[in-house]
>>> print(open('data.txt').read())   # compact mmCIF, C-alpha atoms (C1' of nucleotides)
# COMPACT_ATOMS: atom_id res chain seq x y z
CA MET A 1 -7.64 -16.69 12.55
CA LYS A 2 -6.61 -17.00 8.96
CA THR A 3 -6.44 -14.64 6.04
CA THR A 4 -7.38 -15.47 2.50
CA ASN A 5 -3.84 -15.82 1.28
CA GLY A 6 -3.22 -18.18 4.13
CA THR A 7 0.16 -16.84 5.07
CA ASN A 8 -0.71 -14.92 8.21
CA HIS A 9 -0.54 -17.32 11.08
CA GLN A 10 -0.31 -14.84 13.88
CA ALA A 11 -3.47 -14.04 15.79
CA ASP A 12 -2.28 -10.87 17.47
CA ILE A 13 -1.35 -8.61 14.60
CA PRO A 14 -3.68 -5.95 13.22
CA ALA A 15 -6.61 -6.76 11.00
CA ASP A 16 -6.06 -7.42 7.33
CA THR A 17 -5.17 -4.31 5.39
CA ARG A 18 -8.06 -4.98 3.08
CA LYS A 19 -10.39 -4.37 6.00
CA SER A 20 -8.68 -1.21 7.11
CA LEU A 21 -10.74 1.94 6.99
CA PRO A 22 -7.81 4.30 6.36
CA ILE A 23 -6.70 2.28 3.36
CA ALA A 24 -10.20 1.87 2.00
CA LEU A 25 -10.67 5.63 2.21
CA LEU A 26 -7.34 6.20 0.52
CA ARG A 27 -8.12 3.84 -2.35
CA ALA A 28 -11.61 5.23 -2.87
CA ARG A 29 -10.26 8.75 -2.93
CA GLU A 30 -7.57 7.75 -5.38
CA ALA A 31 -10.12 6.06 -7.64
CA VAL A 32 -12.31 9.15 -7.64
CA MET A 33 -9.46 11.56 -8.21
CA ALA A 34 -8.15 9.50 -11.09
CA GLY A 35 -11.06 10.91 -13.03
CA PHE A 36 -10.58 14.52 -12.04
CA ARG A 37 -6.82 14.90 -12.06
CA PRO A 38 -6.35 14.79 -15.85
CA VAL A 39 -8.95 17.53 -16.27
CA LEU A 40 -7.22 19.77 -13.76
CA ALA A 41 -3.81 18.94 -15.22
CA ARG A 42 -5.00 20.02 -18.66
CA HIS A 43 -5.73 23.40 -17.12
CA GLY A 44 -2.36 23.55 -15.39
CA ILE A 45 -3.69 23.39 -11.87
CA THR A 46 -3.40 20.95 -8.98
CA GLU A 47 -6.18 19.42 -6.96
CA GLN A 48 -5.37 21.59 -3.93
CA GLN A 49 -5.19 24.80 -5.91
CA TRP A 50 -8.55 23.92 -7.38
CA ARG A 51 -10.04 23.42 -3.91
CA VAL A 52 -8.79 26.81 -2.78
CA LEU A 53 -10.31 28.52 -5.79
CA ARG A 54 -13.62 26.75 -5.34
CA VAL A 55 -13.90 27.65 -1.69
CA LEU A 56 -13.12 31.28 -2.46
CA SER A 57 -15.60 31.35 -5.30
CA GLU A 58 -18.34 29.78 -3.23
CA PHE A 59 -17.73 32.04 -0.28
CA GLY A 60 -17.87 35.07 -2.51
CA GLU A 61 -16.08 37.50 -0.22
CA PRO A 62 -12.56 37.81 1.27
CA LEU A 63 -11.58 35.01 3.60
CA ASP A 64 -8.74 34.94 6.09
CA ALA A 65 -6.09 32.24 5.70
CA SER A 66 -7.08 30.10 8.70
CA ASN A 67 -10.68 29.98 7.65
CA LEU A 68 -9.72 29.22 4.08
CA ALA A 69 -7.34 26.47 5.15
CA PHE A 70 -10.05 24.84 7.23
CA ARG A 71 -12.69 25.00 4.51
CA ALA A 72 -10.34 23.68 1.83
CA SER A 73 -8.94 20.98 4.13
CA ILE A 74 -5.40 22.18 3.61
CA LEU A 75 -2.82 22.74 6.33
CA PRO A 76 -1.57 26.29 6.89
CA PRO A 77 1.99 25.67 5.66
CA SER A 78 0.68 24.22 2.41
CA LEU A 79 -1.78 27.06 2.04
CA THR A 80 0.99 29.64 2.34
CA ARG A 81 2.75 28.07 -0.64
CA ILE A 82 -0.44 27.68 -2.65
CA LEU A 83 -1.47 31.29 -2.08
CA LYS A 84 1.91 32.41 -3.33
CA MET A 85 1.44 30.41 -6.54
CA LEU A 86 -2.13 31.48 -7.16
CA SER A 87 -1.26 35.07 -6.43
CA GLU A 88 1.60 35.04 -8.93
CA ARG A 89 -0.74 33.59 -11.52
CA GLN A 90 -3.22 36.40 -10.92
CA MET A 91 -5.98 34.06 -9.80
CA ILE A 92 -6.41 35.56 -6.34
CA SER A 93 -5.57 38.77 -4.49
CA VAL A 94 -4.04 38.72 -1.04
CA ILE A 95 -4.11 41.72 1.30
CA ARG A 96 -3.39 42.32 4.98
CA ASP A 97 -6.35 42.84 7.24
CA ARG A 98 -6.62 46.40 8.49
CA GLY A 99 -7.70 46.12 12.09
CA ASP A 100 -5.75 42.90 12.69
CA GLY A 101 -2.30 43.01 11.19
CA ARG A 102 -1.76 39.31 11.69
CA ARG A 103 -4.53 38.22 9.39
CA VAL A 104 -4.31 37.90 5.66
CA LEU A 105 -7.43 38.25 3.56
CA VAL A 106 -7.74 36.27 0.36
CA GLN A 107 -10.16 36.93 -2.47
CA ILE A 108 -10.64 35.30 -5.83
CA SER A 109 -9.93 37.55 -8.81
CA LYS A 110 -11.16 37.51 -12.39
CA GLY A 111 -8.45 35.13 -13.53
CA GLY A 112 -9.56 32.64 -10.91
CA GLU A 113 -13.22 32.95 -11.73
CA ASP A 114 -12.43 32.53 -15.40
CA LEU A 115 -10.58 29.31 -14.70
CA ILE A 116 -13.43 28.00 -12.61
CA HIS A 117 -15.89 28.61 -15.40
CA GLU A 118 -13.55 26.91 -17.83
CA VAL A 119 -13.14 23.78 -15.74
CA ALA A 120 -16.67 23.54 -14.34
CA PRO A 121 -18.31 21.86 -17.34
CA GLU A 122 -15.72 19.10 -17.54
CA SER A 123 -15.80 18.69 -13.78
CA ARG A 124 -19.57 18.25 -13.77
CA GLU A 125 -19.26 15.74 -16.57
CA ILE A 126 -16.83 13.59 -14.58
CA TYR A 127 -18.99 13.77 -11.51
CA ALA A 128 -22.08 12.83 -13.48
CA ASP A 129 -20.29 9.82 -14.87
CA LEU A 130 -19.32 8.83 -11.36
CA GLU A 131 -22.91 9.09 -10.15
CA GLN A 132 -24.06 7.07 -13.09
CA ARG A 133 -21.52 4.33 -12.45
CA TYR A 134 -21.93 4.08 -8.72
CA GLY A 135 -25.55 5.14 -8.33
CA GLU A 136 -26.83 8.58 -7.50
CA ASP A 137 -28.51 7.44 -4.32
CA LYS A 138 -25.46 5.55 -3.16
CA VAL A 139 -23.29 8.61 -3.64
CA LYS A 140 -25.69 10.54 -1.47
CA LEU A 141 -25.72 7.85 1.20
CA LEU A 142 -21.95 7.56 1.12
CA LEU A 143 -21.58 11.30 1.58
CA GLU A 144 -23.85 11.19 4.60
CA MET A 145 -21.96 8.29 6.14
CA LEU A 146 -18.60 9.95 5.60
CA ASP A 147 -19.86 13.18 7.07
CA ASP A 148 -21.25 11.31 10.04
CA LEU A 149 -17.97 9.50 10.58
CA THR A 150 -15.97 12.72 10.39
CA THR A 151 -18.27 14.41 12.87
CA LYS A 152 -18.24 11.57 15.35
CA LEU A 153 -14.46 11.32 15.34
CA SER A 154 -13.84 15.04 15.62
CA ARG A 155 -14.65 15.40 19.29
CA MET B 1 -29.65 27.21 -6.92
CA LYS B 2 -28.51 28.60 -3.63
CA THR B 3 -26.02 27.56 -1.02
CA THR B 4 -26.54 27.78 2.69
CA ASN B 5 -24.27 30.74 3.16
CA GLY B 6 -26.22 32.51 0.46
CA THR B 7 -23.22 34.01 -1.27
CA ASN B 8 -23.06 31.83 -4.34
CA HIS B 9 -25.37 33.31 -6.89
CA GLN B 10 -24.02 31.55 -9.95
CA ALA B 11 -25.90 28.56 -11.20
CA ASP B 12 -23.21 27.13 -13.42
CA ILE B 13 -20.30 26.56 -11.09
CA PRO B 14 -19.47 23.21 -9.52
CA ALA B 15 -21.48 21.77 -6.69
CA ASP B 16 -20.88 22.90 -3.14
CA THR B 17 -17.59 21.65 -1.75
CA ARG B 18 -19.46 20.21 1.20
CA LYS B 19 -21.18 17.82 -1.19
CA SER B 20 -17.99 16.83 -2.96
CA LEU B 21 -17.02 13.20 -2.69
CA PRO B 22 -13.24 13.79 -2.97
CA ILE B 23 -13.33 16.27 -0.11
CA ALA B 24 -15.61 14.12 2.03
CA LEU B 25 -13.22 11.20 1.56
CA LEU B 26 -10.26 13.40 2.40
CA ARG B 27 -11.86 14.70 5.59
CA ALA B 28 -12.99 11.29 6.75
CA ARG B 29 -9.56 9.90 6.16
CA GLU B 30 -7.98 12.75 8.02
CA ALA B 31 -10.37 12.28 10.95
CA VAL B 32 -9.54 8.58 11.15
CA MET B 33 -5.81 9.08 10.82
CA ALA B 34 -5.81 11.73 13.52
CA GLY B 35 -6.27 8.85 15.93
CA PHE B 36 -3.53 6.66 14.51
CA ARG B 37 -0.82 9.16 13.65
CA PRO B 38 0.23 9.95 17.24
CA VAL B 39 0.64 6.25 17.95
CA LEU B 40 2.85 5.73 14.92
CA ALA B 41 4.77 8.93 15.67
CA ARG B 42 5.56 7.68 19.15
CA HIS B 43 7.20 4.71 17.50
CA GLY B 44 9.11 6.89 15.06
CA ILE B 45 7.35 5.68 11.94
CA THR B 46 5.14 7.23 9.31
CA GLU B 47 1.78 6.04 8.11
CA GLN B 48 3.20 4.86 4.79
CA GLN B 49 6.11 3.01 6.36
CA TRP B 50 3.58 1.31 8.63
CA ARG B 51 1.50 0.24 5.64
CA VAL B 52 4.53 -1.27 3.94
CA LEU B 53 5.46 -3.24 7.04
CA ARG B 54 1.92 -4.49 7.52
CA VAL B 55 1.60 -5.68 3.95
CA LEU B 56 4.92 -7.49 4.18
CA SER B 57 3.98 -9.06 7.49
CA GLU B 58 0.60 -10.21 6.23
CA PHE B 59 2.01 -11.58 3.04
CA GLY B 60 4.62 -13.50 4.94
CA GLU B 61 7.06 -14.08 2.10
CA PRO B 62 9.21 -11.87 -0.16
CA LEU B 63 7.30 -9.50 -2.39
CA ASP B 64 8.57 -7.64 -5.44
CA ALA B 65 8.39 -3.85 -5.43
CA SER B 66 5.53 -3.45 -7.90
CA ASN B 67 3.34 -5.87 -6.05
CA LEU B 68 4.19 -4.29 -2.74
CA ALA B 69 3.49 -0.81 -4.06
CA PHE B 70 0.10 -1.90 -5.31
CA ARG B 71 -0.90 -3.63 -2.10
CA ALA B 72 0.24 -0.77 0.11
CA SER B 73 -1.32 1.86 -2.17
CA ILE B 74 1.95 3.67 -2.57
CA LEU B 75 3.42 4.92 -5.83
CA PRO B 76 6.70 3.37 -7.00
CA PRO B 77 8.83 6.50 -6.54
CA SER B 78 7.64 6.85 -2.94
CA LEU B 79 8.20 3.17 -2.31
CA THR B 80 11.81 3.42 -3.47
CA ARG B 81 12.47 6.05 -0.81
CA ILE B 82 10.55 4.21 1.87
CA LEU B 83 12.39 0.96 1.21
CA LYS B 84 15.67 2.79 1.56
CA MET B 85 14.60 4.12 4.99
CA LEU B 86 13.22 0.85 6.28
CA SER B 87 16.25 -1.01 5.03
CA GLU B 88 18.64 1.35 6.82
CA ARG B 89 16.61 0.88 10.00
CA GLN B 90 16.93 -2.87 9.69
CA MET B 91 13.18 -3.43 9.45
CA ILE B 92 13.25 -5.10 6.05
CA SER B 93 15.71 -6.84 3.78
CA VAL B 94 15.93 -6.05 0.09
CA ILE B 95 17.56 -8.37 -2.42
CA ARG B 96 17.70 -8.63 -6.19
CA ASP B 97 15.70 -11.37 -7.78
CA ARG B 98 17.88 -14.09 -9.27
CA GLY B 99 16.22 -15.07 -12.50
CA ASP B 100 14.95 -11.54 -13.22
CA GLY B 101 17.58 -8.94 -12.53
CA ARG B 102 15.10 -6.09 -12.81
CA ARG B 103 13.02 -7.18 -9.87
CA VAL B 104 13.70 -6.39 -6.26
CA LEU B 105 12.40 -8.69 -3.56
CA VAL B 106 11.42 -7.25 -0.21
CA GLN B 107 10.95 -9.17 3.00
CA ILE B 108 10.21 -8.07 6.53
CA SER B 109 12.95 -8.77 9.05
CA LYS B 110 12.93 -9.28 12.78
CA GLY B 111 13.20 -5.57 13.52
CA GLY B 112 10.08 -4.96 11.45
CA GLU B 113 8.12 -7.76 13.05
CA ASP B 114 9.12 -6.52 16.47
CA LEU B 115 7.83 -3.06 15.69
CA ILE B 116 4.55 -4.46 14.42
CA HIS B 117 4.03 -6.38 17.61
CA GLU B 118 4.84 -3.29 19.61
CA VAL B 119 2.37 -1.08 17.79
CA ALA B 120 -0.39 -3.62 17.25
CA PRO B 121 -2.02 -3.39 20.68
CA GLU B 122 -2.31 0.39 20.57
CA SER B 123 -3.50 0.23 16.98
CA ARG B 124 -6.25 -2.21 17.84
CA GLU B 125 -7.29 0.00 20.73
CA ILE B 126 -7.71 3.02 18.47
CA TYR B 127 -9.67 0.98 15.95
CA ALA B 128 -11.92 -0.42 18.65
CA ASP B 129 -12.64 3.07 19.87
CA LEU B 130 -13.50 4.09 16.32
CA GLU B 131 -15.90 1.19 15.93
CA GLN B 132 -17.49 2.01 19.24
CA ARG B 133 -18.00 5.64 18.30
CA TYR B 134 -19.27 5.13 14.80
CA GLY B 135 -20.90 1.74 15.13
CA GLU B 136 -19.40 -1.60 14.26
CA ASP B 137 -22.04 -2.39 11.67
CA LYS B 138 -21.69 1.00 10.06
CA VAL B 139 -17.94 0.54 9.74
CA LYS B 140 -18.56 -2.72 7.97
CA LEU B 141 -21.14 -1.17 5.65
CA LEU B 142 -18.89 1.78 4.93
CA LEU B 143 -16.02 -0.54 4.03
CA GLU B 144 -18.23 -2.40 1.61
CA MET B 145 -19.47 0.78 -0.01
CA LEU B 146 -15.95 2.16 -0.39
CA ASP B 147 -14.75 -1.09 -1.87
CA ASP B 148 -17.67 -1.13 -4.27
CA LEU B 149 -16.98 2.44 -5.32
CA THR B 150 -13.30 1.74 -5.90
CA THR B 151 -14.12 -1.32 -7.96
CA LYS B 152 -16.73 0.40 -10.10
CA LEU B 153 -14.46 3.31 -10.90
CA SER B 154 -11.40 1.21 -11.69
CA ARG B 155 -12.46 0.02 -15.12
C1' DT C 1 22.03 -13.08 -32.88
C1' DC C 2 21.02 -8.70 -32.39
C1' DA C 3 18.22 -4.67 -32.80
C1' DA C 4 13.78 -2.98 -31.38
C1' DT C 5 10.56 -3.16 -27.76
C1' DC C 6 8.66 -3.88 -23.28
C1' DT C 7 9.09 -4.19 -18.32
C1' DT C 8 10.86 -2.93 -13.66
C1' DG C 9 12.76 0.04 -10.80
C1' DT C 10 15.00 4.33 -10.00
C1' DT C 11 16.00 9.27 -10.41
C1' DA C 12 14.51 14.03 -11.14
C1' DA C 13 11.68 17.97 -10.33
C1' DC C 14 8.16 20.11 -8.33
C1' DA C 15 3.90 20.31 -5.15
C1' DT C 16 1.88 19.05 -0.91
C1' DG C 17 1.67 16.77 3.89
C1' DT C 18 3.36 17.01 8.55
C1' DT C 19 5.40 18.69 12.73
C1' DA C 20 8.12 22.06 15.10
C1' DA C 21 10.09 26.48 15.47
C1' DT C 22 9.76 31.33 14.61
C1' DC C 23 8.00 36.11 14.08
C1' DA C 24 4.90 39.78 14.28
C1' DA C 25 0.70 41.54 16.05
C1' DT C 26 -2.86 41.43 19.31
C1' DA C 27 -4.84 40.47 23.80
C1' DA C 28 -4.49 39.79 28.70
C1' DT C 29 -2.73 40.75 33.11
C1' DC C 30 -0.83 43.32 36.42
C1' DG D 1 1.44 51.30 30.18
C1' DA D 2 5.04 47.65 30.26
C1' DT D 3 5.27 42.73 30.54
C1' DT D 4 3.57 38.43 29.41
C1' DA D 5 0.68 35.30 26.97
C1' DT D 6 -1.85 34.12 22.98
C1' DT D 7 -2.91 34.08 18.15
C1' DG D 8 -2.21 34.05 12.90
C1' DA D 9 0.83 33.30 9.51
C1' DT D 10 5.17 31.97 7.83
C1' DT D 11 9.52 29.37 7.57
C1' DA D 12 12.22 25.17 8.12
C1' DA D 13 13.07 20.39 7.57
C1' DC D 14 11.88 16.17 6.22
C1' DA D 15 8.58 12.60 4.05
C1' DT D 16 5.37 11.58 0.52
C1' DG D 17 2.49 12.49 -3.89
C1' DT D 18 2.75 13.11 -8.79
C1' DT D 19 4.37 13.03 -13.45
C1' DA D 20 8.06 12.48 -16.69
C1' DA D 21 12.40 10.85 -17.96
C1' DC D 22 15.81 7.39 -17.48
C1' DA D 23 18.62 3.00 -17.00
C1' DA D 24 19.13 -1.74 -17.05
C1' DG D 25 17.38 -6.25 -17.62
C1' DA D 26 14.25 -9.27 -20.20
C1' DT D 27 11.51 -10.41 -24.65
C1' DT D 28 10.45 -10.46 -29.12
C1' DG D 29 11.09 -11.06 -33.93
C1' DA D 30 13.46 -10.63 -38.17
>>> encode(input="data.txt", output="structure tokens")
Amino acid sequence: MKTTNGTNHQADIPADTRKSLPIALLRAREAVMAGFRPVLARHGITEQQWRVLRVLSEFGEPLDASNLAFRASILPPSLTRILKMLSERQMISVIRDRGDGRRVLVQISKGGEDLIHEVAPESREIYADLEQRYGEDKVKLLLEMLDDLTTKLSR
Amino acid sequence: MKTTNGTNHQADIPADTRKSLPIALLRAREAVMAGFRPVLARHGITEQQWRVLRVLSEFGEPLDASNLAFRASILPPSLTRILKMLSERQMISVIRDRGDGRRVLVQISKGGEDLIHEVAPESREIYADLEQRYGEDKVKLLLEMLDDLTTKLSR
DNA sequence: TCAATCTTGTTAACATGTTAATCAATAATC
DNA sequence: GATTATTGATTAACATGTTAACAAGATTGA
């Protein structure tokens, strides 16, 4: 066994980092986000806050924290902090669930919807550019493969 | 336009989060790492520290911080902190470059190599399981597609 | 040569990721 | 119905991500 740079002379260490799936996923994600982050930053919002708002907007009705965390791919401790921020900025409303005092119900408010409609055009533009650069069909295929991978590993 | 849950009645907001490439990449990465993290945790090391050690081990000779950061996909400020940790734990050695006093040269030490050889077998096992579940050929194809995407977006 | 500029690495400040512990409310069991 | 177990959310503690500012060494050019 021999790597391209020729310095790895041990046969029993892990595969080359260039062939590592976790790293490839990380780099791809970083490359994609490099396009979106400046747009979000211009609107004073982080990527995670944006995901929370989008999920809430898409869902359309109040969502409890666990459900929201799962859909936005954010861990509960992070979500707690994010909800605090978004609530202070009047983008969402948070209320306790009557009937189950443990649950917290989250709903997007006008401020949040307004922001979404502000950012949406730029966001679509970035995504369109991405599809144009990489190929619309390849984006679709990649999405299917990623989804398949996630499903097969989650059980 | 209409989403599956039927609650999104606005035609001008961003595409469904389920069809979002950033989120799909995030979820896939999370699903893959869920297998590796426990292994690394058992050895008292984080994912990023592991990446740094692997890059150093593969490269075989001293690497300056910028180069290391790039190869390990870690931002400079994070790397500074990680190097401090790994150095205290005797896994790497850090010295100033003679000839260019700004540069810092990092090299893996015996402690680091030992750890790599400890973790490697378990790591390979997890990866093999992943390839078996998802398909060896599909892993390869996915890696190529991710690499292609990263390349096409990085210019 | 020396002042302006660029480069490399670090520090700072804030947000999120990650795991474990905690707390309150509900559900389960007896 | 009181005790115990489980669940949903939060808090705590530490590591990393992210951007901006900074410090020190190297380069450049007048």
>>> calpha_fit_and_write(input="data.txt", fixed="chain B", moving="chain A", output="short mmCIF file (atom, residue, chain, number, x, y, z; two decimals) with C-alpha atoms, keeping the file's coordinate frame")
data_model
loop_
_atom_site.label_atom_id
_atom_site.label_comp_id
_atom_site.auth_asym_id
_atom_site.auth_seq_id
_atom_site.Cartn_x
_atom_site.Cartn_y
_atom_site.Cartn_z
CA MET A 1 -29.81 27.52 -6.97
CA LYS A 2 -28.58 28.83 -3.68
CA THR A 3 -26.10 27.64 -1.11
CA THR A 4 -26.54 27.87 2.61
CA ASN A 5 -24.23 30.81 3.05
CA GLY A 6 -26.18 32.58 0.37
CA THR A 7 -23.22 34.04 -1.42
CA ASN A 8 -23.07 31.80 -4.46
CA HIS A 9 -25.34 33.26 -7.05
CA GLN A 10 -24.00 31.48 -10.06
CA ALA A 11 -25.89 28.44 -11.29
CA ASP A 12 -23.17 27.00 -13.49
CA ILE A 13 -20.29 26.43 -11.13
CA PRO A 14 -19.56 23.06 -9.53
CA ALA A 15 -21.56 21.69 -6.65
CA ASP A 16 -20.87 22.90 -3.15
CA THR A 17 -17.60 21.64 -1.76
CA ARG A 18 -19.45 20.21 1.18
CA LYS A 19 -21.16 17.81 -1.19
CA SER A 20 -17.99 16.81 -2.95
CA LEU A 21 -17.00 13.19 -2.69
CA PRO A 22 -13.25 13.79 -2.95
CA ILE A 23 -13.34 16.26 -0.09
CA ALA A 24 -15.61 14.12 2.04
CA LEU A 25 -13.22 11.21 1.58
CA LEU A 26 -10.27 13.42 2.43
CA ARG A 27 -11.87 14.73 5.62
CA ALA A 28 -13.00 11.29 6.76
CA ARG A 29 -9.54 9.90 6.18
CA GLU A 30 -7.99 12.78 8.06
CA ALA A 31 -10.38 12.29 10.98
CA VAL A 32 -9.54 8.60 11.16
CA MET A 33 -5.81 9.10 10.85
CA ALA A 34 -5.83 11.73 13.56
CA GLY A 35 -6.26 8.85 15.95
CA PHE A 36 -3.54 6.66 14.53
CA ARG A 37 -0.82 9.14 13.68
CA PRO A 38 0.24 9.93 17.27
CA VAL A 39 0.64 6.22 17.99
CA LEU A 40 2.85 5.72 14.95
CA ALA A 41 4.77 8.91 15.70
CA ARG A 42 5.54 7.65 19.19
CA HIS A 43 7.20 4.68 17.53
CA GLY A 44 9.11 6.86 15.10
CA ILE A 45 7.36 5.66 11.99
CA THR A 46 5.13 7.23 9.36
CA GLU A 47 1.77 6.05 8.16
CA GLN A 48 3.21 4.87 4.83
CA GLN A 49 6.10 3.02 6.40
CA TRP A 50 3.61 1.31 8.65
CA ARG A 51 1.51 0.22 5.66
CA VAL A 52 4.55 -1.27 3.96
CA LEU A 53 5.47 -3.24 7.05
CA ARG A 54 1.94 -4.50 7.52
CA VAL A 55 1.61 -5.68 3.95
CA LEU A 56 4.93 -7.49 4.18
CA SER A 57 4.00 -9.07 7.47
CA GLU A 58 0.63 -10.20 6.22
CA PHE A 59 2.02 -11.58 3.01
CA GLY A 60 4.63 -13.52 4.91
CA GLU A 61 7.06 -14.08 2.06
CA PRO A 62 9.24 -11.87 -0.20
CA LEU A 63 7.32 -9.49 -2.41
CA ASP A 64 8.56 -7.62 -5.44
CA ALA A 65 8.39 -3.82 -5.39
CA SER A 66 5.53 -3.39 -7.87
CA ASN A 67 3.34 -5.83 -6.05
CA LEU A 68 4.19 -4.26 -2.72
CA ALA A 69 3.49 -0.77 -4.02
CA PHE A 70 0.09 -1.85 -5.28
CA ARG A 71 -0.90 -3.61 -2.08
CA ALA A 72 0.25 -0.74 0.13
CA SER A 73 -1.32 1.88 -2.15
CA ILE A 74 1.96 3.70 -2.54
CA LEU A 75 3.44 4.94 -5.80
CA PRO A 76 6.72 3.39 -6.97
CA PRO A 77 8.84 6.53 -6.50
CA SER A 78 7.65 6.87 -2.92
CA LEU A 79 8.21 3.19 -2.29
CA THR A 80 11.82 3.43 -3.44
CA ARG A 81 12.47 6.07 -0.78
CA ILE A 82 10.56 4.21 1.91
CA LEU A 83 12.40 0.96 1.23
CA LYS A 84 15.68 2.79 1.59
CA MET A 85 14.63 4.12 5.00
CA LEU A 86 13.23 0.85 6.29
CA SER A 87 16.25 -1.02 5.04
CA GLU A 88 18.63 1.33 6.84
CA ARG A 89 16.63 0.86 10.01
CA GLN A 90 16.94 -2.91 9.71
CA MET A 91 13.20 -3.44 9.45
CA ILE A 92 13.25 -5.12 6.05
CA SER A 93 15.73 -6.86 3.76
CA VAL A 94 15.93 -6.05 0.07
CA ILE A 95 17.56 -8.36 -2.47
CA ARG A 96 17.65 -8.61 -6.26
CA ASP A 97 15.62 -11.34 -7.85
CA ARG A 98 17.76 -14.07 -9.35
CA GLY A 99 16.07 -15.02 -12.58
CA ASP A 100 14.85 -11.48 -13.28
CA GLY A 101 17.49 -8.89 -12.59
CA ARG A 102 15.04 -6.04 -12.84
CA ARG A 103 12.95 -7.10 -9.89
CA VAL A 104 13.68 -6.35 -6.29
CA LEU A 105 12.38 -8.66 -3.60
CA VAL A 106 11.44 -7.23 -0.23
CA GLN A 107 10.97 -9.16 2.99
CA ILE A 108 10.21 -8.07 6.51
CA SER A 109 12.97 -8.79 9.03
CA LYS A 110 12.93 -9.30 12.78
CA GLY A 111 13.20 -5.60 13.52
CA GLY A 112 10.09 -4.98 11.46
CA GLU A 113 8.12 -7.78 13.03
CA ASP A 114 9.14 -6.56 16.46
CA LEU A 115 7.83 -3.10 15.68
CA ILE A 116 4.57 -4.50 14.41
CA HIS A 117 4.04 -6.43 17.60
CA GLU A 118 4.85 -3.33 19.61
CA VAL A 119 2.37 -1.12 17.79
CA ALA A 120 -0.40 -3.67 17.24
CA PRO A 121 -2.03 -3.43 20.67
CA GLU A 122 -2.32 0.35 20.56
CA SER A 123 -3.50 0.20 16.97
CA ARG A 124 -6.26 -2.25 17.84
CA GLU A 125 -7.28 -0.05 20.73
CA ILE A 126 -7.71 2.98 18.47
CA TYR A 127 -9.65 0.98 15.95
CA ALA A 128 -11.90 -0.44 18.63
CA ASP A 129 -12.63 3.04 19.88
CA LEU A 130 -13.50 4.07 16.35
CA GLU A 131 -15.90 1.16 15.95
CA GLN A 132 -17.47 1.98 19.25
CA ARG A 133 -17.97 5.62 18.33
CA TYR A 134 -19.24 5.12 14.82
CA GLY A 135 -20.89 1.73 15.14
CA GLU A 136 -19.40 -1.62 14.29
CA ASP A 137 -22.02 -2.38 11.68
CA LYS A 138 -21.67 1.01 10.07
CA VAL A 139 -17.93 0.56 9.76
CA LYS A 140 -18.56 -2.71 7.99
CA LEU A 141 -21.12 -1.17 5.67
CA LEU A 142 -18.88 1.78 4.94
CA LEU A 143 -16.01 -0.52 4.05
CA GLU A 144 -18.22 -2.40 1.63
CA MET A 145 -19.45 0.79 0.00
CA LEU A 146 -15.95 2.17 -0.38
CA ASP A 147 -14.73 -1.08 -1.84
CA ASP A 148 -17.65 -1.12 -4.23
CA LEU A 149 -16.96 2.44 -5.30
CA THR A 150 -13.28 1.74 -5.87
CA THR A 151 -14.08 -1.33 -7.93
CA LYS A 152 -16.68 0.37 -10.07
CA LEU A 153 -14.41 3.30 -10.87
CA SER A 154 -11.36 1.20 -11.64
CA ARG A 155 -12.43 0.01 -15.06
#
>>> closest_residue(input="data.txt", among="C:DT26, C:DT16, C:DT5, C:DT10", to="DT28 of chain D", atoms="all atoms listed in the file")
C:DT5
>>> closest_residue(input="data.txt", among="A:Lys110, A:Leu25, A:Pro62, A:Ala31", to="Leu149 of chain A", atoms="all atoms listed in the file")
A:Leu25
>>> residues_around(input="data.txt", residues="DT16 of chain D", least_positions_apart="5", cutoff="12 Å", atoms="all atoms listed in the file", output="number ranges by chain")
B: 46-49, 74-82; C: 15-18
>>> write_last_selection(input="data.txt", atoms="C-alpha atoms (C1' of nucleotides)", output="compact mmCIF listing (two decimals), in the frame of the given file")
# COMPACT_ATOMS: atom_id res chain seq x y z
CA THR B 46 5.14 7.23 9.31
CA GLU B 47 1.78 6.04 8.11
CA GLN B 48 3.20 4.86 4.79
CA GLN B 49 6.11 3.01 6.36
CA ILE B 74 1.95 3.67 -2.57
CA LEU B 75 3.42 4.92 -5.83
CA PRO B 76 6.70 3.37 -7.00
CA PRO B 77 8.83 6.50 -6.54
CA SER B 78 7.64 6.85 -2.94
CA LEU B 79 8.20 3.17 -2.31
CA THR B 80 11.81 3.42 -3.47
CA ARG B 81 12.47 6.05 -0.81
CA ILE B 82 10.55 4.21 1.87
C1' DA C 15 3.90 20.31 -5.15
C1' DT C 16 1.88 19.05 -0.91
C1' DG C 17 1.67 16.77 3.89
C1' DT C 18 3.36 17.01 8.55
>>> atom_distance(input="data.txt", atom1="atom CA of Leu63 of chain B", atom2="atom CA of Lys140 of chain B")
28.7 Å
>>> atom_distance(input="data.txt", atom1="atom CA of Ile108 of chain A", atom2="atom CA of Ile92 of chain A")
4.3 Å
>>> atom_distance(input="data.txt", atom1="atom CA of Leu141 of chain A", atom2="atom CA of Phe36 of chain A")
21.2 Å
>>> residues_around(input="data.txt", residues="DA20 of chain C", least_positions_apart="6", cutoff="12 Å", atoms="only C-alpha atoms (C1' of nucleotides)", output="list of chain:residue names")
A:Pro77, D:DT11, D:DA12, D:DA13, D:DC14
>>> write_last_selection(input="data.txt", atoms="C-alpha atoms (C1' of nucleotides)", output="PDB file, keeping the file's coordinate frame")
ATOM      1  CA  PRO A  77       1.990  25.670   5.660  1.00  0.00           C
TER       2      PRO A  77
ATOM      3  C1'  DT D  11       9.520  29.370   7.570  1.00  0.00           C
ATOM      4  C1'  DA D  12      12.220  25.170   8.120  1.00  0.00           C
ATOM      5  C1'  DA D  13      13.070  20.390   7.570  1.00  0.00           C
ATOM      6  C1'  DC D  14      11.880  16.170   6.220  1.00  0.00           C
TER       7       DC D  14
END
